[in-house]
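Below you'll find the structure, written out as structure tokens, and then a few comments.
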Amino acid sequence: MTFLSQGMLWGVAAAAIPLALHLLFRSRHRTVPWGAMAFLLASLRQTSRRLKFRELLLLLARVGVIALLALALARPAATAGRAGRGDAIDAAIVIDTSYSMAARDGATARLDRAKQAALAVLDRLPIGSTVRIITCSDRARTLGPLPAGRLDRARAIVSALAVEDRPTDLLPGVRAAADALKGAANRELYLVGDMQRAGWDRQASALTKAFAEIHTSSGLSFIRCGAATPNNVEVVGLDPQGGIVRVGERAGFTVLVRNAGPAPARDLTVTLAIDGADGDRNSAPIALLGPGEARAITLTAVPDRAGPVAATATVGPDDLPNDNVYSRVFAARDRARVLVVEGPPSSRRPGGSASFFLAHALGPVADSESDRAPVTPLVVPAQDAAPALLDGQDACILADVPVGTGVAGDLRPDFLDRLARFVRDGGGLLIFAGSHVDPDRYNPTLGAGLGLLPARLETQETRRPRHFDPTSIDPHSPLAPFRVEPLDRLARVEIRQSVGLKQDRPLLCFDDGTPAMAAGAVGSGTVLVVATGPDLRGSDWPLHPTFPAFVQATLPLLLRDPARGRNLAVGAPIDWSAPAGPIALVRPDGRREAIPFQRMNDQAIAHVSETDRAGLYRLEAPGARATFAVVADRREGEDLEALNDAEIDRRLGFRAVHLDGDDDPGAAVGLGRARRDWGLWVLAATVLAFAAETALAWLSGRPA
């Protein structure tokens, strides 16, 4: 128990006044013997005892009246640091705005319930109270109001709240509320949300400790705005099929859909659109999707222009719409251009040179249809490789090319320098390490000198033919199709000559566990190294059906990607440069706003820091525009189960105040303040004590 007006406790000392008066003014008389009074002594003794008892009760009643009056003015309360009836308080309202709050329990979204509950709390705050509104997802934002006593501004802030496509983490919001309440006399903290288990588990021990510290000095109330686990289906992936997406040709896309809810999902529809085009929407039904089940759906679309193009996949209906949309920006091309640099040809099989097999693998069409091929290869011998040949190319392939030998057929130093800049600027490089690749020359030249090798090359003796191991490919790798039929026949390829690759995480291994293919990022580009050559001197692979499939599968890893940097996670900033300003931003909800920019090197540089909603962000400037795809944090949809009140209390270690957002939480909190304030009860006891004192005084004044 504590006292809301502790200074009034000094009034309890006034209870000693009746006792002091009683002791000071007690009757003092001298005993005089008188024989006539002897007969009255027996009666006087009995009467005196009765009078003394009445006087003692009267004394205690007077002491009690004064003490109780002082206690009533001091306003005893049941809990320390908490306001009583009518006291002005300092409140902090933490509202969960993570995207699980967009779930609908019936016709109303959880965030709408949370806003109604927060407004009800504001309406019941006593006169003179202050408030801070704090939103919480995986970060906390203190929105105001300023000054804190402007409750009308607080109501406007609450009414304007929107869901963020971020996961739940309650700790930042709770800590921000604790900081906002520091130094306040009467503190109350309200946590308004769906009590999602994931938000409590993300930093469980630190969150429990923070609540325990708040509970010792503040009022703490949990307002629940959703209890049932919603039915939720989400789009978790969107990828083009076949590597290269060509302008004007129908391309296939794989849309990965998952049921994250507790019940089977029925009668779903998956839709794909390019750049939001209503006329070219492709849809497919899903009759039944079990709990936890994921399914890949193939849909098609036709991009109508080259460059970065936005594809958007949707699924529904369900109870949580925010993760039903998945957007991705990808590159649509007229065709890809690849420079093939060939090493010394085989004297035994002129028609079986590396360029012969690579040209047919890159463009597997008849010569009469070469203009329709998705890839245009330019084949040059190593001695003719000039730096200017890299201009306009998307990727470069070194097919068993020697370096550092100083003889004919070697790559020129100026070409190697240009090749390094080409890769760092976003181009791709594929190195086939055939019989002319000397590790002792490649490592210092392309490795230490230019930084183009993702793995150190080593000389390796092959005593017996080796084979590729398709099971060594990561299931999430672009080469994953080679793990299953029919492409797993890659294991039948016989490798007679190869180099060693020293890398911890290769893309592909041989059957003896040694790396067969390594990859790495160099600047904005990618470098791949294959441990054998693309001709018949080292293996029979070029004659195998998996060779052209392998070359086509690696192309998406190599090609210069104009959509690089256009696919972001929610919360990541957007940076864009345009030839000139002004620059406008169109957000996923259609809102258009001007963006400040800076001039730098004849470019207008814009920075967008707020990307809390998933979807397409379009930046527009005179003569330029760009689209960025932002996807929601899928951790939020993985576990939508909520903690019940008993589970929360077990985690906290004390019994908290739990309220239902559908009721009137403001009235419940006001009733709680009244129950905590014992001042009225003590005042009632004071009145009763005063009535008792009056009655005893009347009895004591009657003749004995």
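Letters A, B, ... mark the chains of the structure tokens in the order given; residue numbers begin at 1 per chain; ligand numbers begin at 1, in order shown.
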
Write out as a PyMOL selection string each polymer residue whose atoms come within 9 Å of region 306-312 of chain A, counting only C-alpha atoms; drop sequence neighbours fewer than 5 positions from it.
chain A and resi 238+246-247+271-276+301+325-334+561-564+566+615-616+626-629

Selected residues, C-alpha atoms, written as an mmCIF file, in the first residue's frame, please.
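Okay, selection-v4.cif is ready:
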```cif
data_model
loop_
_atom_site.group_PDB
_atom_site.id
_atom_site.type_symbol
_atom_site.label_atom_id
_atom_site.label_comp_id
_atom_site.auth_asym_id
_atom_site.auth_seq_id
_atom_site.Cartn_x
_atom_site.Cartn_y
_atom_site.Cartn_z
ATOM 1 C CA LEU A 238 8.037 -14.924 -57.677
ATOM 2 C CA ARG A 246 12.256 -11.396 -73.765
ATOM 3 C CA VAL A 247 10.195 -8.414 -74.825
ATOM 4 C CA THR A 271 -3.047 -13.797 -60.333
ATOM 5 C CA LEU A 272 -0.019 -12.370 -62.161
ATOM 6 C CA ALA A 273 0.214 -8.949 -63.829
ATOM 7 C CA ILE A 274 3.062 -7.035 -65.509
ATOM 8 C CA ASP A 275 3.350 -3.338 -64.620
ATOM 9 C CA GLY A 276 -0.188 -3.453 -63.263
ATOM 10 C CA ALA A 301 2.840 -12.768 -68.926
ATOM 11 C CA VAL A 325 0.750 -9.404 -52.772
ATOM 12 C CA TYR A 326 4.335 -9.988 -53.885
ATOM 13 C CA SER A 327 6.071 -7.685 -56.379
ATOM 14 C CA ARG A 328 9.400 -8.065 -58.079
ATOM 15 C CA VAL A 329 11.276 -5.998 -60.651
ATOM 16 C CA PHE A 330 13.119 -8.036 -63.279
ATOM 17 C CA ALA A 331 14.899 -7.321 -66.553
ATOM 18 C CA ALA A 332 13.096 -7.791 -69.856
ATOM 19 C CA ARG A 333 15.461 -7.951 -72.835
ATOM 20 C CA ASP A 334 15.351 -7.762 -76.591
ATOM 21 C CA ASP A 561 20.962 -6.787 -64.583
ATOM 22 C CA PRO A 562 19.340 -3.375 -65.146
ATOM 23 C CA ALA A 563 16.938 -4.262 -62.314
ATOM 24 C CA ARG A 564 19.765 -4.661 -59.796
ATOM 25 C CA ARG A 566 15.269 -2.477 -57.499
ATOM 26 C CA GLY A 615 4.328 -2.815 -52.979
ATOM 27 C CA LEU A 616 5.613 -0.785 -55.918
ATOM 28 C CA ALA A 626 12.108 3.976 -62.043
ATOM 29 C CA THR A 627 10.068 1.348 -60.211
ATOM 30 C CA PHE A 628 11.170 -0.325 -56.973
ATOM 31 C CA ALA A 629 9.511 -3.430 -55.506
#
```

What's around region 210-227 of chain A at 8 Å? Count only C-alpha atoms, leave out sequence neighbours fewer than 6 positions away in its own chain, and write the answer as a PyMOL selection string. chain A and resi 80-82+105+110-111+113-114+117+171+174-175+178+186-195+642+644+652+656-662+665

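Among the candidates A:Gly199, A:Pro556, A:Gly392, A:Gly290, the residue lying nearest to Gly173 (chain A) is A:Gly199 (atoms considered: only C-alpha atoms).
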
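With only C-alpha atoms as the atoms that count, the residue of A:Val527, A:Arg651, A:Thr229, A:Ala549 with the shortest distance to Pro481 (chain A) is A:Ala549.
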
Restricting to only C-alpha atoms, whichever of A:Ala388, A:Val529, A:Val484, A:Ile473 is closest to Leu457 (chain A) is A:Val529

Would you mind writing down, as an mmCIF file with N, CA, C and O atoms, in the first residue's frame, each residue of region 292-411 of chain A that DSSP on the backbone assigns to helix (DSSP H, G or I)?
```cif
data_model
loop_
_atom_site.group_PDB
_atom_site.id
_atom_site.type_symbol
_atom_site.label_atom_id
_atom_site.label_comp_id
_atom_site.auth_asym_id
_atom_site.auth_seq_id
_atom_site.Cartn_x
_atom_site.Cartn_y
_atom_site.Cartn_z
ATOM 1 N N PRO A 321 -4.738 -9.573 -45.553
ATOM 2 C CA PRO A 321 -4.454 -9.209 -46.953
ATOM 3 C C PRO A 321 -3.044 -8.704 -47.208
ATOM 4 O O PRO A 321 -2.608 -8.682 -48.357
ATOM 5 N N ASN A 322 -2.314 -8.291 -46.193
ATOM 6 C CA ASN A 322 -1.047 -7.600 -46.432
ATOM 7 C C ASN A 322 0.025 -8.457 -47.084
ATOM 8 O O ASN A 322 0.911 -7.943 -47.763
ATOM 9 N N ASP A 323 0.028 -9.782 -46.844
ATOM 10 C CA ASP A 323 1.036 -10.629 -47.469
ATOM 11 C C ASP A 323 0.473 -11.404 -48.655
ATOM 12 O O ASP A 323 1.049 -12.394 -49.094
ATOM 13 N N PRO A 350 39.210 -29.755 -85.037
ATOM 14 C CA PRO A 350 38.903 -28.342 -85.288
ATOM 15 C C PRO A 350 37.423 -28.036 -85.181
ATOM 16 O O PRO A 350 37.016 -26.980 -84.727
ATOM 17 N N GLY A 351 36.580 -28.989 -85.622
ATOM 18 C CA GLY A 351 35.150 -28.750 -85.536
ATOM 19 C C GLY A 351 34.594 -28.924 -84.148
ATOM 20 O O GLY A 351 33.416 -28.664 -83.921
ATOM 21 N N GLY A 352 35.398 -29.383 -83.237
ATOM 22 C CA GLY A 352 34.930 -29.585 -81.873
ATOM 23 C C GLY A 352 35.546 -28.603 -80.908
ATOM 24 O O GLY A 352 35.831 -28.939 -79.760
ATOM 25 N N ALA A 354 35.945 -25.205 -78.468
ATOM 26 C CA ALA A 354 35.099 -24.700 -77.386
ATOM 27 C C ALA A 354 34.059 -23.723 -77.911
ATOM 28 O O ALA A 354 32.896 -23.732 -77.491
ATOM 29 N N SER A 355 34.456 -22.863 -78.855
ATOM 30 C CA SER A 355 33.508 -21.881 -79.380
ATOM 31 C C SER A 355 32.359 -22.551 -80.111
ATOM 32 O O SER A 355 31.225 -22.056 -80.084
ATOM 33 N N PHE A 356 32.629 -23.675 -80.768
ATOM 34 C CA PHE A 356 31.577 -24.396 -81.486
ATOM 35 C C PHE A 356 30.485 -24.846 -80.520
ATOM 36 O O PHE A 356 29.293 -24.631 -80.746
ATOM 37 N N PHE A 357 30.878 -25.465 -79.407
ATOM 38 C CA PHE A 357 29.897 -25.981 -78.455
ATOM 39 C C PHE A 357 29.214 -24.844 -77.694
ATOM 40 O O PHE A 357 27.998 -24.887 -77.453
ATOM 41 N N LEU A 358 29.974 -23.810 -77.337
ATOM 42 C CA LEU A 358 29.384 -22.706 -76.584
ATOM 43 C C LEU A 358 28.398 -21.907 -77.435
ATOM 44 O O LEU A 358 27.343 -21.491 -76.951
ATOM 45 N N ALA A 359 28.742 -21.682 -78.701
ATOM 46 C CA ALA A 359 27.838 -20.920 -79.567
ATOM 47 C C ALA A 359 26.505 -21.632 -79.717
ATOM 48 O O ALA A 359 25.441 -20.996 -79.704
ATOM 49 N N HIS A 360 26.546 -22.973 -79.849
ATOM 50 C CA HIS A 360 25.296 -23.708 -79.978
ATOM 51 C C HIS A 360 24.553 -23.812 -78.645
ATOM 52 O O HIS A 360 23.319 -23.902 -78.628
ATOM 53 N N ALA A 361 25.286 -23.799 -77.533
ATOM 54 C CA ALA A 361 24.617 -23.833 -76.229
ATOM 55 C C ALA A 361 23.956 -22.496 -75.911
ATOM 56 O O ALA A 361 22.872 -22.450 -75.317
ATOM 57 N N LEU A 362 24.603 -21.401 -76.323
ATOM 58 C CA LEU A 362 24.035 -20.083 -76.043
ATOM 59 C C LEU A 362 22.854 -19.778 -76.945
ATOM 60 O O LEU A 362 21.881 -19.145 -76.511
ATOM 61 N N ASP A 367 20.449 -21.844 -87.960
ATOM 62 C CA ASP A 367 21.084 -20.631 -88.469
ATOM 63 C C ASP A 367 20.074 -19.687 -89.107
ATOM 64 O O ASP A 367 20.213 -18.461 -89.039
ATOM 65 N N SER A 368 19.025 -20.237 -89.728
ATOM 66 C CA SER A 368 18.015 -19.399 -90.380
ATOM 67 C C SER A 368 17.177 -18.601 -89.387
ATOM 68 O O SER A 368 16.533 -17.629 -89.759
ATOM 69 N N GLU A 369 17.199 -18.995 -88.131
ATOM 70 C CA GLU A 369 16.419 -18.310 -87.104
ATOM 71 C C GLU A 369 17.312 -17.645 -86.059
ATOM 72 O O GLU A 369 16.877 -17.351 -84.957
ATOM 73 N N SER A 370 18.566 -17.415 -86.404
ATOM 74 C CA SER A 370 19.502 -16.852 -85.428
ATOM 75 C C SER A 370 19.094 -15.460 -84.965
ATOM 76 O O SER A 370 19.426 -15.041 -83.854
ATOM 77 N N ASP A 371 18.364 -14.722 -85.842
ATOM 78 C CA ASP A 371 17.932 -13.386 -85.429
ATOM 79 C C ASP A 371 16.871 -13.425 -84.343
ATOM 80 O O ASP A 371 16.578 -12.422 -83.705
ATOM 81 N N ARG A 372 16.266 -14.602 -84.129
ATOM 82 C CA ARG A 372 15.253 -14.753 -83.083
ATOM 83 C C ARG A 372 15.834 -15.343 -81.805
ATOM 84 O O ARG A 372 15.116 -15.524 -80.830
ATOM 85 N N ALA A 382 41.532 -15.464 -78.429
ATOM 86 C CA ALA A 382 42.113 -14.696 -77.330
ATOM 87 C C ALA A 382 43.034 -13.598 -77.825
ATOM 88 O O ALA A 382 43.061 -12.496 -77.269
ATOM 89 N N GLN A 383 43.823 -13.866 -78.888
ATOM 90 C CA GLN A 383 44.764 -12.855 -79.370
ATOM 91 C C GLN A 383 44.068 -11.660 -80.007
ATOM 92 O O GLN A 383 44.660 -10.591 -80.157
ATOM 93 N N ASP A 384 42.768 -11.803 -80.393
ATOM 94 C CA ASP A 384 42.032 -10.700 -81.000
ATOM 95 C C ASP A 384 41.107 -9.993 -80.007
ATOM 96 O O ASP A 384 40.345 -9.105 -80.408
ATOM 97 N N PRO A 387 39.777 -4.457 -75.777
ATOM 98 C CA PRO A 387 38.905 -3.893 -74.734
ATOM 99 C C PRO A 387 37.588 -3.370 -75.277
ATOM 100 O O PRO A 387 36.543 -3.493 -74.629
ATOM 101 N N ALA A 388 37.579 -2.807 -76.495
ATOM 102 C CA ALA A 388 36.347 -2.227 -77.030
ATOM 103 C C ALA A 388 35.279 -3.278 -77.275
ATOM 104 O O ALA A 388 34.086 -2.943 -77.351
ATOM 105 N N LEU A 389 35.658 -4.541 -77.405
ATOM 106 C CA LEU A 389 34.673 -5.584 -77.654
ATOM 107 C C LEU A 389 33.728 -5.799 -76.466
ATOM 108 O O LEU A 389 32.662 -6.387 -76.628
ATOM 109 N N LEU A 390 34.139 -5.354 -75.281
ATOM 110 C CA LEU A 390 33.288 -5.514 -74.093
ATOM 111 C C LEU A 390 32.171 -4.474 -74.025
ATOM 112 O O LEU A 390 31.229 -4.645 -73.248
#
```

Close residues, Val493 (chain A) itself excluded, 9 Å, only C-alpha atoms, min 4 positions apart in chain, as a PyMOL selection string: chain A and resi 466-468+489+539-541+544+546

Atomic distance CA of Val375 (chain A) - CA of Pro303 (chain A), expressed in Å with one decimal:
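Computing the Euclidean distance for CA of Val375 (chain A) and CA of Pro303 (chain A) yields 17.4 Å.
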
task: Please provide the set of residues having any atom within 8 Å of Ala531 (chain A), restricted to only C-alpha atoms, with same-chain residues fewer than 6 positions apart removed, written as a PyMOL selection string.
output: chain A and resi 432-434+498-501+515-517

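For the pair CA of Arg412 (chain A) and CA of Ile495 (chain A), the separation is 29.8 Å.
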
Practice task
Find the residues around Gln503 (chain A) up to 9 Å (only C-alpha atoms counted), leave out those fewer than 6 positions away in its own chain, and share them as a list in words.
Solution key: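 So, after excluding close chain neighbours, the residues are Pro454, Ala455, Arg456, Pro515 and Ala518 of chain A.
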
Exercise for review: Pick out each residue of region 419-580 of chain A that DSSP on the backbone tags as strand (DSSP E); I need them as an MDAnalysis selection string.
Suggested key: chainID A and resid 428:432 456:458 468:469 500:502 508:510 515:522 525:530 567:569 574:578

Inset, instruction - Would you list the contacts of Ala263 (chain A) as a PyMOL selection string, taking every protein, DNA or RNA residue within 9 Å and counting only C-alpha atoms, but skipping same-chain residues closer than 6 positions in sequence? - result: chain A and resi 231-232+290-291

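Counting from CA of Leu170 (chain A), the distance to CA of Arg613 (chain A) is 19.1 Å.
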
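Counting only C-alpha atoms and comparing A:Pro377, A:Gly451, A:Pro465, A:Pro345, the residue that lies closest to His436 (chain A) is A:Pro345.
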
Using only C-alpha atoms, the residue out of A:Pro573, A:Gly428, A:Pro344, A:Pro145 with shortest distance to Ala519 (chain A) is A:Gly428

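Proximity to Asn324 (chain A) was assessed for A:Gln393, A:Thr269, A:Asn601, A:Ser353 counting only C-alpha atoms; the smallest distance is recorded for A:Thr269.
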